[in-house]
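J.: Handing you a structure now.
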Amino acid sequence: MVSSLRFDRVEYRLEKTGRRLISDCSFTVQPGELVVILGSSGSGKTTLLKLVNRLYEASSGAIYLADADIRQLSLPTLRRQIGYVIQQGGLFPHLTVASNIAIVPRLLKWNKPKIQGRVEELLDLVGLPPRDYRDRYPAQLSGGQQQRVGLARALAANPQVMLMDEPFGALDALTRTSLQTEILRLQQQLQKTILFVSHDVEEALRLADRILILDRGEIIQFDTPLAILQRPASGFVAQLLGAEDIFRQLSLLRVEQVMAPLTSVELQAQIPQIPIATDLRTALAMLLQTEARQLQVVDQQAAIGVVSLETIFNLVKKRTPLLQGSVDLSGTS
């Protein structure tokens, strides 16, 4: 079962100094939603995560997992319902891949066949063939492979909620992009409730159903990526996200939203093809690289429409409703 996560006027202050790190935070992450927390250094992103699994205890307010106040749950009960992924995987170096993944199932006293089956299932799920990887040690893995194992370990007990604290921050750009694609694939399949801390705006825009922007412990804005880019709540938000960057806005629109119907002439023409779910920034790059005037939009190998260079240029030039935000393209309410 996947649960919602709700903050109700949560504050966190340091005991010794009384300094407030989180101020009056109220928001809800819906079941199966991926929310990225974005903010500058010291804004309280990681602190917010640590309040969920009670590594820090809220000074006031309440946090609810489904309808249960997390303070009413024992720490073991709470943390068994939460998967936690940190930078570089946080793997135990003296344990094999299989043993790292099996830590929580062993604490839950699963029998050996069940543990072995779950380990192999999860290794397959994150793209690491069990035969090749289960007996390796973390030092024998690349950074990306370690992060995949860390993700598998967090999923081991099928948690309701996933907390991910800049999990790809220490990886090179190519590996980071690959793992972002993997997260999108897994989320489509598993539909977990996820709080994901990031300092990377492009990552947030690509992954998030909604983005929560923090500044000095306060929520400045909580909305879909496109809505925030189009209607930033403050100068700080606009600067943080680069809201004036039209290419970022194009990256949040799909070709299917602007494609024209396919004529018989275009159906027969030998023009480059592009998948229906491709974003307009990628489509524009492809048009410029191929020097084509149009791209044929395909869905499961069937041509269904065309998107042209002229359409994209007009969209940008005229700032049509698609880019002004008067049309809801977010898929969430």
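Here's how to read the names in the structure tokens: chain A, B, ... by the order shown, residue numbers from 1 in each chain, ligand numbers from 1 in the order shown.
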Just list the residues in region 2-176 of chain A DSSP gives helix (DSSP H, G or I) on the backbone, as a VMD selection string.

T.: chain A and resid 45 to 52 70 to 72 75 to 80 97 to 101 103 to 107 112 to 125 130 to 133 138 to 140 143 to 155 173 to 176

J.: List as CSV every residue of region 62-94 of chain A that is in contact with region 192-214 of chain A, defined as an atom at most 10 Å from one of its atoms (using only C-alpha atoms), together with the nearest atom pair and the distance in Å rounded to one decimal, sorted by chain and then rising number.

T.:
residue,atom,partner,partner_atom,distance
A:Ile82,CA,A:Ile194,CA,9.7
A:Gly83,CA,A:Ile194,CA,9.3
A:Tyr84,CA,A:Leu195,CA,9.8
A:Val85,CA,A:Phe196,CA,9.2
A:Ile86,CA,A:Val197,CA,9.6

J.: Could you write out that same residue set with N, CA, C and O atoms as a CSV table (one decimal), in the first residue's frame?

T.:
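After the write, result_38.csv holds the following:
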chain,number,residue,atom,x,y,z
A,82,ILE,N,9.6,3.2,5.6
A,82,ILE,CA,10.3,4.2,4.9
A,82,ILE,C,11.6,3.7,4.3
A,82,ILE,O,12.4,3.1,5.0
A,83,GLY,N,11.8,3.9,3.0
A,83,GLY,CA,13.1,3.6,2.4
A,83,GLY,C,13.9,4.9,2.3
A,83,GLY,O,13.4,6.0,2.1
A,84,TYR,N,15.2,4.8,2.5
A,84,TYR,CA,16.1,5.9,2.6
A,84,TYR,C,17.3,5.7,1.7
A,84,TYR,O,18.0,4.8,1.8
A,85,VAL,N,17.5,6.7,0.8
A,85,VAL,CA,18.6,6.6,-0.2
A,85,VAL,C,19.4,7.9,-0.1
A,85,VAL,O,18.9,9.0,-0.1
A,86,ILE,N,20.7,7.7,0.1
A,86,ILE,CA,21.6,8.9,0.3
A,86,ILE,C,22.6,8.9,-0.8
A,86,ILE,O,22.7,8.0,-1.6

J.: Write out as a PyMOL selection string all residues of region 27-244 of chain A that backbone DSSP assigns to strand (DSSP E or B).

T.: chain A and resi 27-29+34-39+60-65+68-69+82-86+161-165+193-198+210-215+218-223

J.: Those same residues - C-alpha atoms - I'd like them written as a PDB file, in the first residue's frame.

T.:
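Result written to selection_23.pdb:
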ATOM      1  CA  PHE A  27       2.109  20.495   2.722  1.00  0.00           C
ATOM      2  CA  THR A  28       0.902  17.099   1.518  1.00  0.00           C
ATOM      3  CA  VAL A  29       2.595  14.589  -0.751  1.00  0.00           C
ATOM      4  CA  LEU A  34       7.269  12.337  -6.487  1.00  0.00           C
ATOM      5  CA  VAL A  35       7.999  15.689  -4.861  1.00  0.00           C
ATOM      6  CA  VAL A  36      11.428  17.281  -5.260  1.00  0.00           C
ATOM      7  CA  ILE A  37      12.619  19.640  -2.520  1.00  0.00           C
ATOM      8  CA  LEU A  38      14.714  22.416  -4.009  1.00  0.00           C
ATOM      9  CA  GLY A  39      16.540  25.288  -2.365  1.00  0.00           C
ATOM     10  CA  SER A  60       6.010  21.576  17.097  1.00  0.00           C
ATOM     11  CA  GLY A  61       3.344  20.582  14.603  1.00  0.00           C
ATOM     12  CA  ALA A  62       2.748  17.058  13.334  1.00  0.00           C
ATOM     13  CA  ILE A  63       3.732  14.784  10.454  1.00  0.00           C
ATOM     14  CA  TYR A  64       1.280  12.144   9.264  1.00  0.00           C
ATOM     15  CA  LEU A  65       2.040   8.961   7.349  1.00  0.00           C
ATOM     16  CA  ALA A  68      -1.072   8.171  11.569  1.00  0.00           C
ATOM     17  CA  ASP A  69       0.896  10.762  13.519  1.00  0.00           C
ATOM     18  CA  ILE A  82      10.278   4.239   4.858  1.00  0.00           C
ATOM     19  CA  GLY A  83      13.072   3.620   2.364  1.00  0.00           C
ATOM     20  CA  TYR A  84      16.081   5.948   2.635  1.00  0.00           C
ATOM     21  CA  VAL A  85      18.574   6.595  -0.186  1.00  0.00           C
ATOM     22  CA  ILE A  86      21.573   8.866   0.307  1.00  0.00           C
ATOM     23  CA  VAL A 161       7.441   6.161   1.403  1.00  0.00           C
ATOM     24  CA  MET A 162      10.894   6.784  -0.103  1.00  0.00           C
ATOM     25  CA  LEU A 163      13.230   9.531   1.121  1.00  0.00           C
ATOM     26  CA  MET A 164      16.038  10.353  -1.313  1.00  0.00           C
ATOM     27  CA  ASP A 165      18.709  12.824  -0.189  1.00  0.00           C
ATOM     28  CA  THR A 193       5.390   8.253  -2.490  1.00  0.00           C
ATOM     29  CA  ILE A 194       8.762  10.003  -2.784  1.00  0.00           C
ATOM     30  CA  LEU A 195      10.410  13.027  -1.180  1.00  0.00           C
ATOM     31  CA  PHE A 196      13.559  13.750  -3.201  1.00  0.00           C
ATOM     32  CA  VAL A 197      16.109  16.396  -2.178  1.00  0.00           C
ATOM     33  CA  SER A 198      18.102  17.946  -5.008  1.00  0.00           C
ATOM     34  CA  ARG A 210       5.596  18.873  -7.974  1.00  0.00           C
ATOM     35  CA  ILE A 211       8.491  20.933  -6.636  1.00  0.00           C
ATOM     36  CA  LEU A 212       8.661  22.306  -3.092  1.00  0.00           C
ATOM     37  CA  ILE A 213      10.964  25.325  -2.838  1.00  0.00           C
ATOM     38  CA  LEU A 214      12.497  26.117   0.537  1.00  0.00           C
ATOM     39  CA  ASP A 215      14.317  29.258   1.634  1.00  0.00           C
ATOM     40  CA  GLU A 218      10.167  28.306   4.882  1.00  0.00           C
ATOM     41  CA  ILE A 219       8.104  27.016   1.961  1.00  0.00           C
ATOM     42  CA  ILE A 220       8.204  29.672  -0.747  1.00  0.00           C
ATOM     43  CA  GLN A 221       6.295  27.777  -3.441  1.00  0.00           C
ATOM     44  CA  PHE A 222       4.829  24.303  -3.981  1.00  0.00           C
ATOM     45  CA  ASP A 223       3.511  23.556  -7.451  1.00  0.00           C
TER      46      ASP A 223
END

J.: Using only C-alpha atoms, which protein or nucleic acid residues come within 12 Å of Tyr12 (chain A)? Drop anything in the same chain fewer than 4 positions from it, and give the result as number ranges by chain.

T.: A: 17-25, 44, 47-52, 54-63, 216-218

J.: Quick one: residues within 12 Å of Leu190 (chain A), only C-alpha atoms, excluding same-chain residues fewer than 5 positions away - as a list in words?

T.: Met1, Val2, Pro31, Gly32, Glu33, Leu34, Leu122, Leu125, Leu155, Asn158, Pro159, Gln160, Val161, Met162, Glu182, Ile183, Leu184 and Arg185 of chain A

J.: Residues of the last selection are to be written out with N, CA, C and O atoms, as an mmCIF file, in the first residue's frame.

T.:
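Output (result_15.cif):
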data_model
loop_
_atom_site.group_PDB
_atom_site.id
_atom_site.type_symbol
_atom_site.label_atom_id
_atom_site.label_comp_id
_atom_site.auth_asym_id
_atom_site.auth_seq_id
_atom_site.Cartn_x
_atom_site.Cartn_y
_atom_site.Cartn_z
ATOM 1 N N MET A 1 0.837 -1.188 0.000
ATOM 2 C CA MET A 1 0.000 0.000 0.000
ATOM 3 C C MET A 1 0.882 1.251 0.000
ATOM 4 O O MET A 1 1.890 1.311 0.691
ATOM 5 N N VAL A 2 0.504 2.257 -0.779
ATOM 6 C CA VAL A 2 1.230 3.507 -0.835
ATOM 7 C C VAL A 2 0.469 4.557 -0.055
ATOM 8 O O VAL A 2 -0.748 4.681 -0.182
ATOM 9 N N PRO A 31 -0.372 10.079 -2.377
ATOM 10 C CA PRO A 31 0.108 8.711 -2.636
ATOM 11 C C PRO A 31 0.601 8.564 -4.078
ATOM 12 O O PRO A 31 -0.069 8.974 -5.024
ATOM 13 N N GLY A 32 1.806 8.023 -4.226
ATOM 14 C CA GLY A 32 2.370 7.804 -5.552
ATOM 15 C C GLY A 32 2.969 9.025 -6.203
ATOM 16 O O GLY A 32 3.368 8.978 -7.369
ATOM 17 N N GLU A 33 3.083 10.122 -5.466
ATOM 18 C CA GLU A 33 3.607 11.370 -6.033
ATOM 19 C C GLU A 33 5.099 11.500 -5.726
ATOM 20 O O GLU A 33 5.570 11.144 -4.650
ATOM 21 N N LEU A 34 5.851 12.046 -6.687
ATOM 22 C CA LEU A 34 7.269 12.337 -6.487
ATOM 23 C C LEU A 34 7.433 13.839 -6.348
ATOM 24 O O LEU A 34 7.204 14.585 -7.300
ATOM 25 N N LEU A 122 14.986 -7.576 -6.813
ATOM 26 C CA LEU A 122 15.363 -6.166 -6.789
ATOM 27 C C LEU A 122 16.577 -5.882 -7.665
ATOM 28 O O LEU A 122 16.646 -4.828 -8.315
ATOM 29 N N LEU A 125 15.317 -5.619 -10.979
ATOM 30 C CA LEU A 125 14.522 -4.397 -11.108
ATOM 31 C C LEU A 125 15.402 -3.181 -11.391
ATOM 32 O O LEU A 125 15.037 -2.310 -12.190
ATOM 33 N N LEU A 155 14.298 -0.304 -1.239
ATOM 34 C CA LEU A 155 13.022 -0.896 -1.662
ATOM 35 C C LEU A 155 12.772 -2.281 -1.063
ATOM 36 O O LEU A 155 11.695 -2.853 -1.254
ATOM 37 N N ASN A 158 9.587 -3.164 0.693
ATOM 38 C CA ASN A 158 8.428 -2.581 0.017
ATOM 39 C C ASN A 158 7.836 -1.426 0.835
ATOM 40 O O ASN A 158 6.660 -1.442 1.221
ATOM 41 N N PRO A 159 8.643 -0.389 1.107
ATOM 42 C CA PRO A 159 8.188 0.698 1.968
ATOM 43 C C PRO A 159 7.081 1.530 1.326
ATOM 44 O O PRO A 159 6.945 1.587 0.106
ATOM 45 N N GLN A 160 6.311 2.192 2.180
ATOM 46 C CA GLN A 160 5.240 3.069 1.700
ATOM 47 C C GLN A 160 5.795 4.368 1.127
ATOM 48 O O GLN A 160 5.249 4.929 0.183
ATOM 49 N N VAL A 161 6.873 4.858 1.748
ATOM 50 C CA VAL A 161 7.441 6.161 1.403
ATOM 51 C C VAL A 161 8.934 6.001 1.145
ATOM 52 O O VAL A 161 9.609 5.214 1.820
ATOM 53 N N MET A 162 9.459 6.757 0.174
ATOM 54 C CA MET A 162 10.894 6.784 -0.103
ATOM 55 C C MET A 162 11.417 8.190 0.162
ATOM 56 O O MET A 162 10.835 9.187 -0.299
ATOM 57 N N GLU A 182 16.205 5.880 -14.848
ATOM 58 C CA GLU A 182 15.850 4.671 -14.104
ATOM 59 C C GLU A 182 14.797 4.969 -13.041
ATOM 60 O O GLU A 182 13.846 4.202 -12.847
ATOM 61 N N ILE A 183 14.944 6.105 -12.351
ATOM 62 C CA ILE A 183 13.958 6.495 -11.341
ATOM 63 C C ILE A 183 12.586 6.703 -11.972
ATOM 64 O O ILE A 183 11.555 6.261 -11.446
ATOM 65 N N LEU A 184 12.559 7.347 -13.130
ATOM 66 C CA LEU A 184 11.281 7.569 -13.823
ATOM 67 C C LEU A 184 10.635 6.244 -14.210
ATOM 68 O O LEU A 184 9.417 6.063 -14.084
ATOM 69 N N ARG A 185 11.458 5.307 -14.676
ATOM 70 C CA ARG A 185 10.935 3.983 -15.054
ATOM 71 C C ARG A 185 10.385 3.254 -13.832
ATOM 72 O O ARG A 185 9.274 2.696 -13.865
#

J.: Report the distance between CA of Met259 (chain A) and CA of Gly305 (chain A) in Å, rounded to one decimal place.

T.: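 We find that CA of Met259 (chain A) and CA of Gly305 (chain A) lie 5.8 Å from each other.
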
J.: A:Val306, A:Ala238, A:Ile228, A:Ile274: which is nearest Pro261 (chain A), counting only C-alpha atoms?

T.: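 Selected residue with least distance to Pro261 (chain A): A:Val306.
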
J.: Considering only C-alpha atoms, can you say which of A:Pro113, A:Arg131, A:Ile276, A:Leu5 comes closest to Ile70 (chain A)?

T.: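 Looking only at the distances to Ile70 (chain A), the closest residue turns out to be A:Leu5.
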
J.: Please determine, counting only C-alpha atoms, which residue among A:Glu11, A:Phe168, A:Arg293, A:Ser40 has the shortest atom-to-atom distance to Gln239 (chain A).

T.: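 Comparing A:Glu11, A:Phe168, A:Arg293, A:Ser40 against Gln239 (chain A), the winner is A:Ser40.
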
J.: Restricting the calculation to only C-alpha atoms: of A:His94, A:Arg281, A:Lys109, A:Lys16, which residue gets closest to Arg248 (chain A)?

T.: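 Going through A:His94, A:Arg281, A:Lys109, A:Lys16 one by one, the smallest distance to Arg248 (chain A) is for A:Arg281.
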
J.: Pick the closest to Val297 (chain A) from A:Gly169, A:Gly90, A:Pro275, A:Pro129: which is it, counting only C-alpha atoms?

T.: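 Looking only at the distances to Val297 (chain A), the closest residue turns out to be A:Pro275.
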
J.: Give me, as an mmCIF file with N, CA and C atoms, in the first residue's frame, all polymer residues having an atom no more than 7 Å from Gln296 (chain A), counting only C-alpha atoms and skipping those fewer than 2 positions away in the same chain.

T.:
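Below you can see around32.cif, which holds the result:
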data_model
loop_
_atom_site.group_PDB
_atom_site.id
_atom_site.type_symbol
_atom_site.label_atom_id
_atom_site.label_comp_id
_atom_site.auth_asym_id
_atom_site.auth_seq_id
_atom_site.Cartn_x
_atom_site.Cartn_y
_atom_site.Cartn_z
ATOM 1 N N ILE A 271 10.881 11.579 -43.480
ATOM 2 C CA ILE A 271 11.332 12.592 -42.517
ATOM 3 C C ILE A 271 11.647 11.915 -41.200
ATOM 4 N N PRO A 272 12.521 12.524 -40.399
ATOM 5 C CA PRO A 272 12.908 11.904 -39.118
ATOM 6 C C PRO A 272 11.705 11.681 -38.209
ATOM 7 N N GLN A 273 11.792 10.640 -37.412
ATOM 8 C CA GLN A 273 10.703 10.311 -36.486
ATOM 9 C C GLN A 273 11.112 10.597 -35.051
ATOM 10 N N ILE A 274 10.089 10.868 -34.233
ATOM 11 C CA ILE A 274 10.337 11.161 -32.823
ATOM 12 C C ILE A 274 9.204 10.568 -31.996
ATOM 13 N N GLN A 294 10.342 19.264 -40.433
ATOM 14 C CA GLN A 294 9.307 18.590 -39.667
ATOM 15 C C GLN A 294 9.842 17.287 -39.095
ATOM 16 N N VAL A 298 5.640 9.497 -33.589
ATOM 17 C CA VAL A 298 5.227 8.098 -33.632
ATOM 18 C C VAL A 298 4.842 7.613 -32.242
ATOM 19 N N ALA A 303 2.940 6.202 -37.080
ATOM 20 C CA ALA A 303 2.971 7.653 -37.253
ATOM 21 C C ALA A 303 1.586 8.232 -36.959
ATOM 22 N N GLY A 305 1.256 11.992 -36.216
ATOM 23 C CA GLY A 305 1.215 13.437 -36.367
ATOM 24 C C GLY A 305 2.565 13.987 -36.769
ATOM 25 N N VAL A 306 2.644 15.317 -36.886
ATOM 26 C CA VAL A 306 3.914 15.975 -37.204
ATOM 27 C C VAL A 306 4.098 17.181 -36.296
ATOM 28 N N VAL A 307 5.352 17.475 -35.984
ATOM 29 C CA VAL A 307 5.698 18.707 -35.286
ATOM 30 C C VAL A 307 6.754 19.409 -36.125
#

J.: Find the residues near Pro130 (chain A): any atom within 12 Å, counting only C-alpha atoms, skip ones fewer than 3 places away on the same chain, and give them as a ChimeraX atom specification.

T.: /A:96-98,101,116-127,133-136,149,152

J.: Export C-alpha atoms of the chosen residues as a PDB file, in the first residue's frame?

T.:
ATOM      1  CA  THR A  96      28.306  -8.146  -0.369  1.00  0.00           C
ATOM      2  CA  VAL A  97      25.670  -6.591  -2.592  1.00  0.00           C
ATOM      3  CA  ALA A  98      23.194  -9.299  -1.609  1.00  0.00           C
ATOM      4  CA  ILE A 101      20.085  -5.413   0.199  1.00  0.00           C
ATOM      5  CA  GLN A 116      17.104 -14.551  -1.560  1.00  0.00           C
ATOM      6  CA  GLY A 117      14.114 -14.204  -3.867  1.00  0.00           C
ATOM      7  CA  ARG A 118      13.623 -10.546  -2.922  1.00  0.00           C
ATOM      8  CA  VAL A 119      17.316  -9.741  -3.442  1.00  0.00           C
ATOM      9  CA  GLU A 120      17.297 -11.260  -6.915  1.00  0.00           C
ATOM     10  CA  GLU A 121      14.006  -9.577  -7.789  1.00  0.00           C
ATOM     11  CA  LEU A 122      15.363  -6.166  -6.789  1.00  0.00           C
ATOM     12  CA  LEU A 123      18.692  -6.602  -8.573  1.00  0.00           C
ATOM     13  CA  ASP A 124      16.770  -7.397 -11.742  1.00  0.00           C
ATOM     14  CA  LEU A 125      14.522  -4.397 -11.108  1.00  0.00           C
ATOM     15  CA  VAL A 126      17.459  -1.936 -10.931  1.00  0.00           C
ATOM     16  CA  GLY A 127      19.245  -3.466 -13.924  1.00  0.00           C
ATOM     17  CA  TYR A 133      26.452  -8.681  -8.961  1.00  0.00           C
ATOM     18  CA  ARG A 134      25.035 -10.379  -5.842  1.00  0.00           C
ATOM     19  CA  ASP A 135      28.440 -11.583  -4.550  1.00  0.00           C
ATOM     20  CA  ARG A 136      30.410  -8.430  -5.307  1.00  0.00           C
ATOM     21  CA  VAL A 149      22.240  -1.178  -5.017  1.00  0.00           C
ATOM     22  CA  ALA A 152      17.398  -1.731  -4.210  1.00  0.00           C
TER      23      ALA A 152
END
